[in-house]
Amino acid sequence: MDGDVRLLGKDELGACQRLADDRGWGPEEHKWRFLFSVGRVYGVDAGDGEGDGELAGALVCTPYGEDVAAISMVLVAKRFERRGLGGRLMRHAMEAAGTASFCLTATEFGRPLYERLGFRSVGMCTTYTGVSEGPSKRSESQPVAAADMAAVHALDTEVFGADRSQLVEGLPSFCETLRVVRGETGIAGYGGAWRNDDRVVVGPVIAQNAEIALTLVDEVVPEGPVRLDIDHRHPELIDWAGRRGLRPAFTTTIMEFGAPVANDPSRLFLPVAQALG
Ligand SMILES: CC(C)(COP(=O)(O)OP(=O)(O)OC[C@H]1O[C@@H](n2cnc3c(N)ncnc32)[C@H](O)[C@@H]1OP(=O)(O)O)[C@@H](O)C(=O)NCCC(=O)NCCS
C-alpha cells in the first residue's frame with residue numbers, strides 16, 4: 001500500500017470488484033465498465049503477498065470538461081483502513097483532474113474524510129428500493145432517437161452545470177431504457193433506467209418540471225426489483241416511491257468542493273448513478 005497511486009486499465013476490473021466485495025459492495029460489472037469508459041480509475045497496489053494484482057484502494061474520478069469532476073467508488077480494503085490511503089487517493093485524483101469543482105455522494109464512512117479535505121454538504125439523498133409493478137401504459141414519452149441526442153446533451157449541460165458529453169453519448173448503450181418527452185420548443189425532459197446486478201436503477205431523469213419528470217419515471221420504470229436515489233429536494237419523487245411501495249434503504253450526503261457547481265437541482269430529478277451525478 002506504500003506504492004504510488006496509478007491509473008488502472010479495464011483489464012483490472014476484477015481487482016476493483018474484489019476490493020468492492022471486501023467492503024460488501026456488489027460486483028456491479030455493468031457500472032464499472034461504464035465508469036472505466038467515461039472516467040479515470042485509480043488504484044494503489046496491496047503488495048502484501050495476498051495475491052498478485054490485488055489492490056489496497058481505488059477510486060474513480062470522472063471529469064466533465066474543466067468545470068466539474070465526479071468522484072466515486074472510493075474504496076480501501078479493510079486490512080489497510082485508517083492509514084491515510086483514502087485521503088491519498090482523493091488528493092491524487094483531485095490534483096490530476098484540476099477541475100474548478102468536485103461532486104460526490106458520501107456514505108457515513110466517507111463523509112468525515114471528505115469534510116477534512118474541504119468538501120461541504122449540499123444535500124441529502126435517500127435510496128429507495130423495492131419491487132415495481134412496471135411502467136404505466138400511457139406513452140407521453142418516446143424512445144430516444146439519434147436526432148434527439150444534441151438536445152438531450154444541451155438540456156443535460158444546462159441543468160447539470162457542466163458538459164457531460166462523453167457520458168451523455170454513452171447513455172443509449174448504458175441504459176436499457178432511455179426516453180424523452182418532446183415539448184413545443186424541443187426536449188422537455190429525458191429519463192433512463194439501467195441494470196445494476198439484480199436490480200434496475202431508475203435514472204437519469206432531467207426535466208423542465210416535476211410533472212414531466214414523473215411521466216418519465218412512470219414510463220421507464222421496469223417490472224421487478226428497482227432502485228431510485230432520491231435527493232430530498234424532490235419530495236414529489238419520495239411520494240411517488242411511497243405510492244409504489246418502495247422503501248428507504250439508506251441515506252447518503254451530497255457533497256461539493258471548490259467553486260459552487262452552476263447546476264439546477266430543481267430540474268435534476270434523478271442522477272445517472274450516485275457515482276456520476
Ligand atoms: C471511506 C474509506 C475509503 C476511508 O479510507 P481510509 O483509507 O480508511 O481513509 P483515511 O485513512 O484517509 O481516513 C480515515 C478517516 O475516514 C473515516 N472513517 C474510515 N473508516 C471509518 C469507520 N469505520 N467509521 C467511521 N469513520 C471512518 C474517519 O474519519 C477516518 O479518520 P480517523 O481514522 O482519523 O477517524 C474506507 O473506510 C472505505 O473503503 N469504506 C467502505 C466504502 C465506503 O463507504 N467508501 C466511501 C464511499 S463515499
# chains A, B, ... in the order shown; residues from 1 in each chain; ligands from 1
>>> select_by_dssp(residues="segment 43-237 of chain A", states="helix (DSSP H, G or I)", output="PyMOL selection string")
chain A and resi 78-80+85-97+111-117+146-160+165-174+210-220+235-237
>>> residues_around(residues="Asp148 of chain A", least_positions_apart="4", cutoff="12 Å", atoms="only C-alpha atoms", output="list in words")
Gln142, Pro143, Val144, Val152, His153, Ala154, Leu155, Val168, Glu169, Pro172, Leu178, Arg179, Val180, Val181, Arg182, Gly183, Gly186, Ile187, Ala188, Gly189 and Tyr190 of chain A
>>> residues_around(residues="Ala70 of chain A", least_positions_apart="2", cutoff="8 Å", atoms="only C-alpha atoms", output="list of chain:residue names")
A:Cys61, A:Thr62, A:Pro63, A:Tyr64, A:Val68, A:Ser72, A:Phe102, A:Cys103, A:Leu104, A:Ala275, A:Leu276, A:Gly277
>>> select_by_dssp(residues="segment 207-249 of chain A", states="strand (DSSP E or B)", output="list in words")
Ala207, Glu223, Gly224, Pro225, Val226, Arg227, Leu228, Asp229, Ile230, Asp231, Arg247, Pro248 and Ala249 of chain A
>>> write_last_selection(atoms="C-alpha atoms", output="CSV table (one decimal), in the first residue's frame")
chain,number,residue,atom,x,y,z
A,207,ALA,CA,-36.8,17.5,-16.9
A,223,GLU,CA,-41.3,-4.6,-13.6
A,224,GLY,CA,-39.2,-6.2,-10.8
A,225,PRO,CA,-36.6,-5.0,-8.3
A,226,VAL,CA,-35.7,-1.3,-8.7
A,227,ARG,CA,-33.7,1.4,-7.0
A,228,LEU,CA,-34.1,5.2,-7.1
A,229,ASP,CA,-31.6,7.6,-5.5
A,230,ILE,CA,-33.8,10.5,-4.4
A,231,ASP,CA,-32.5,13.9,-3.5
A,247,ARG,CA,-39.0,1.8,1.0
A,248,PRO,CA,-36.0,3.8,2.1
A,249,ALA,CA,-32.8,1.6,2.2
>>> residues_around(residues="Asp4 of chain A", least_positions_apart="6", cutoff="10 Å", atoms="only C-alpha atoms", output="NGL selection string")
:A and (43-45 or 88-89 or 92)
>>> residues_around(residues="Met255 of chain A", least_positions_apart="3", cutoff="9 Å", atoms="only C-alpha atoms", output="VMD selection string")
chain A and resid 102 to 106 111 114 to 115 119 to 124
>>> residues_near_ligand(ligand="ligand 1", cutoff="8 Å", atoms="only C-alpha atoms and all ligand atoms", output="ChimeraX atom specification")
/A:20,23,57,72-78,80-88,104-113,116
>>> write_last_selection(atoms="N, CA and C atoms", output="PDB file, in the first residue's frame")
ATOM      1  N   ALA A  20     -14.281  -4.091  -3.917  1.00  0.00           N
ATOM      2  CA  ALA A  20     -15.660  -3.738  -3.586  1.00  0.00           C
ATOM      3  C   ALA A  20     -16.285  -4.839  -2.723  1.00  0.00           C
ATOM      4  N   ARG A  23     -15.688  -4.786   0.878  1.00  0.00           N
ATOM      5  CA  ARG A  23     -16.478  -3.791   1.614  1.00  0.00           C
ATOM      6  C   ARG A  23     -17.967  -4.063   1.521  1.00  0.00           C
ATOM      7  N   GLY A  57      -6.491  -0.013  -2.466  1.00  0.00           N
ATOM      8  CA  GLY A  57      -7.527   1.020  -2.544  1.00  0.00           C
ATOM      9  C   GLY A  57      -7.759   1.439  -3.979  1.00  0.00           C
ATOM     10  N   SER A  72     -16.066   8.898  -7.203  1.00  0.00           N
ATOM     11  CA  SER A  72     -16.903   7.766  -6.782  1.00  0.00           C
ATOM     12  C   SER A  72     -16.059   6.538  -6.484  1.00  0.00           C
ATOM     13  N   MET A  73     -16.736   5.509  -6.016  1.00  0.00           N
ATOM     14  CA  MET A  73     -16.134   4.205  -5.751  1.00  0.00           C
ATOM     15  C   MET A  73     -14.868   4.328  -4.887  1.00  0.00           C
ATOM     16  N   VAL A  74     -14.903   5.224  -3.903  1.00  0.00           N
ATOM     17  CA  VAL A  74     -13.743   5.393  -3.016  1.00  0.00           C
ATOM     18  C   VAL A  74     -13.717   4.189  -2.073  1.00  0.00           C
ATOM     19  N   LEU A  75     -12.720   3.357  -2.248  1.00  0.00           N
ATOM     20  CA  LEU A  75     -12.672   2.078  -1.551  1.00  0.00           C
ATOM     21  C   LEU A  75     -11.269   1.815  -1.018  1.00  0.00           C
ATOM     22  N   VAL A  76     -11.194   1.423   0.240  1.00  0.00           N
ATOM     23  CA  VAL A  76      -9.919   0.986   0.808  1.00  0.00           C
ATOM     24  C   VAL A  76     -10.178  -0.366   1.471  1.00  0.00           C
ATOM     25  N   ALA A  77      -9.345  -1.352   1.154  1.00  0.00           N
ATOM     26  CA  ALA A  77      -9.537  -2.695   1.731  1.00  0.00           C
ATOM     27  C   ALA A  77      -9.483  -2.586   3.254  1.00  0.00           C
ATOM     28  N   LYS A  78     -10.332  -3.394   3.911  1.00  0.00           N
ATOM     29  CA  LYS A  78     -10.439  -3.289   5.380  1.00  0.00           C
ATOM     30  C   LYS A  78      -9.074  -3.389   6.058  1.00  0.00           C
ATOM     31  N   PHE A  80      -6.357  -2.320   5.258  1.00  0.00           N
ATOM     32  CA  PHE A  80      -5.496  -1.134   5.097  1.00  0.00           C
ATOM     33  C   PHE A  80      -6.172   0.150   5.572  1.00  0.00           C
ATOM     34  N   GLU A  81      -7.341   0.038   6.210  1.00  0.00           N
ATOM     35  CA  GLU A  81      -8.092   1.264   6.512  1.00  0.00           C
ATOM     36  C   GLU A  81      -7.417   2.095   7.605  1.00  0.00           C
ATOM     37  N   ARG A  82      -7.796   3.376   7.655  1.00  0.00           N
ATOM     38  CA  ARG A  82      -7.348   4.332   8.679  1.00  0.00           C
ATOM     39  C   ARG A  82      -5.836   4.490   8.731  1.00  0.00           C
ATOM     40  N   ARG A  83      -5.225   4.403   7.527  1.00  0.00           N
ATOM     41  CA  ARG A  83      -3.786   4.688   7.460  1.00  0.00           C
ATOM     42  C   ARG A  83      -3.536   5.818   6.450  1.00  0.00           C
ATOM     43  N   GLY A  84      -4.591   6.529   6.117  1.00  0.00           N
ATOM     44  CA  GLY A  84      -4.407   7.685   5.237  1.00  0.00           C
ATOM     45  C   GLY A  84      -4.533   7.390   3.757  1.00  0.00           C
ATOM     46  N   LEU A  85      -4.822   6.139   3.403  1.00  0.00           N
ATOM     47  CA  LEU A  85      -4.853   5.795   1.972  1.00  0.00           C
ATOM     48  C   LEU A  85      -6.027   6.452   1.241  1.00  0.00           C
ATOM     49  N   GLY A  86      -7.189   6.496   1.897  1.00  0.00           N
ATOM     50  CA  GLY A  86      -8.357   7.141   1.271  1.00  0.00           C
ATOM     51  C   GLY A  86      -8.035   8.594   0.941  1.00  0.00           C
ATOM     52  N   GLY A  87      -7.421   9.288   1.879  1.00  0.00           N
ATOM     53  CA  GLY A  87      -7.053  10.691   1.676  1.00  0.00           C
ATOM     54  C   GLY A  87      -6.020  10.826   0.562  1.00  0.00           C
ATOM     55  N   ARG A  88      -5.058   9.915   0.512  1.00  0.00           N
ATOM     56  CA  ARG A  88      -4.010   9.982  -0.519  1.00  0.00           C
ATOM     57  C   ARG A  88      -4.617   9.790  -1.910  1.00  0.00           C
ATOM     58  N   LEU A 104     -19.636  14.610  -5.174  1.00  0.00           N
ATOM     59  CA  LEU A 104     -19.690  13.190  -4.817  1.00  0.00           C
ATOM     60  C   LEU A 104     -20.882  12.937  -3.901  1.00  0.00           C
ATOM     61  N   THR A 105     -21.202  11.670  -3.715  1.00  0.00           N
ATOM     62  CA  THR A 105     -22.235  11.269  -2.768  1.00  0.00           C
ATOM     63  C   THR A 105     -21.554  10.401  -1.721  1.00  0.00           C
ATOM     64  N   ALA A 106     -21.602  10.860  -0.465  1.00  0.00           N
ATOM     65  CA  ALA A 106     -20.791  10.229   0.582  1.00  0.00           C
ATOM     66  C   ALA A 106     -21.582   9.269   1.450  1.00  0.00           C
ATOM     67  N   THR A 107     -20.972   8.124   1.721  1.00  0.00           N
ATOM     68  CA  THR A 107     -21.512   7.228   2.743  1.00  0.00           C
ATOM     69  C   THR A 107     -21.083   7.783   4.111  1.00  0.00           C
ATOM     70  N   GLU A 108     -21.633   7.200   5.170  1.00  0.00           N
ATOM     71  CA  GLU A 108     -21.253   7.679   6.510  1.00  0.00           C
ATOM     72  C   GLU A 108     -19.758   7.447   6.772  1.00  0.00           C
ATOM     73  N   PHE A 109     -19.168   6.448   6.114  1.00  0.00           N
ATOM     74  CA  PHE A 109     -17.734   6.191   6.319  1.00  0.00           C
ATOM     75  C   PHE A 109     -16.881   7.233   5.618  1.00  0.00           C
ATOM     76  N   GLY A 110     -17.350   7.641   4.429  1.00  0.00           N
ATOM     77  CA  GLY A 110     -16.552   8.567   3.639  1.00  0.00           C
ATOM     78  C   GLY A 110     -16.678  10.018   4.082  1.00  0.00           C
ATOM     79  N   ARG A 111     -17.853  10.394   4.645  1.00  0.00           N
ATOM     80  CA  ARG A 111     -18.118  11.827   4.895  1.00  0.00           C
ATOM     81  C   ARG A 111     -17.046  12.523   5.732  1.00  0.00           C
ATOM     82  N   PRO A 112     -16.600  11.916   6.880  1.00  0.00           N
ATOM     83  CA  PRO A 112     -15.577  12.635   7.662  1.00  0.00           C
ATOM     84  C   PRO A 112     -14.292  12.861   6.859  1.00  0.00           C
ATOM     85  N   LEU A 113     -13.956  11.895   6.038  1.00  0.00           N
ATOM     86  CA  LEU A 113     -12.752  12.017   5.207  1.00  0.00           C
ATOM     87  C   LEU A 113     -12.895  13.185   4.231  1.00  0.00           C
ATOM     88  N   ARG A 116     -12.801  16.612   5.924  1.00  0.00           N
ATOM     89  CA  ARG A 116     -11.436  17.017   6.262  1.00  0.00           C
ATOM     90  C   ARG A 116     -10.704  17.579   5.036  1.00  0.00           C
TER      91      ARG A 116
END
>>> residues_around(residues="Gly170 of chain A", least_positions_apart="6", cutoff="9 Å", atoms="only C-alpha atoms", output="ChimeraX atom specification")
/A:34,37-38
>>> residues_around(residues="Leu237 of chain A", least_positions_apart="5", cutoff="9 Å", atoms="only C-alpha atoms", output="ChimeraX atom specification")
/A:210,213-214,217,230-232,242,269
>>> atom_distance(atom1="atom CA of Gly191 of chain A", atom2="atom CA of Gly65 of chain A")
22.6 Å
>>> atom_distance(atom1="atom CA of Arg40 of chain A", atom2="atom CA of Val60 of chain A")
5.6 Å
>>> closest_residue(among="A:His30, A:Arg164, A:His234, A:Arg91", to="Glu176 of chain A", atoms="only C-alpha atoms")
A:His30
>>> closest_residue(among="A:Val41, A:Leu171, A:Val131, A:Met1", to="Ala97 of chain A", atoms="only C-alpha atoms")
A:Val41
>>> atom_distance(atom1="atom CA of Trp240 of chain A", atom2="atom CA of Val159 of chain A")
22.0 Å
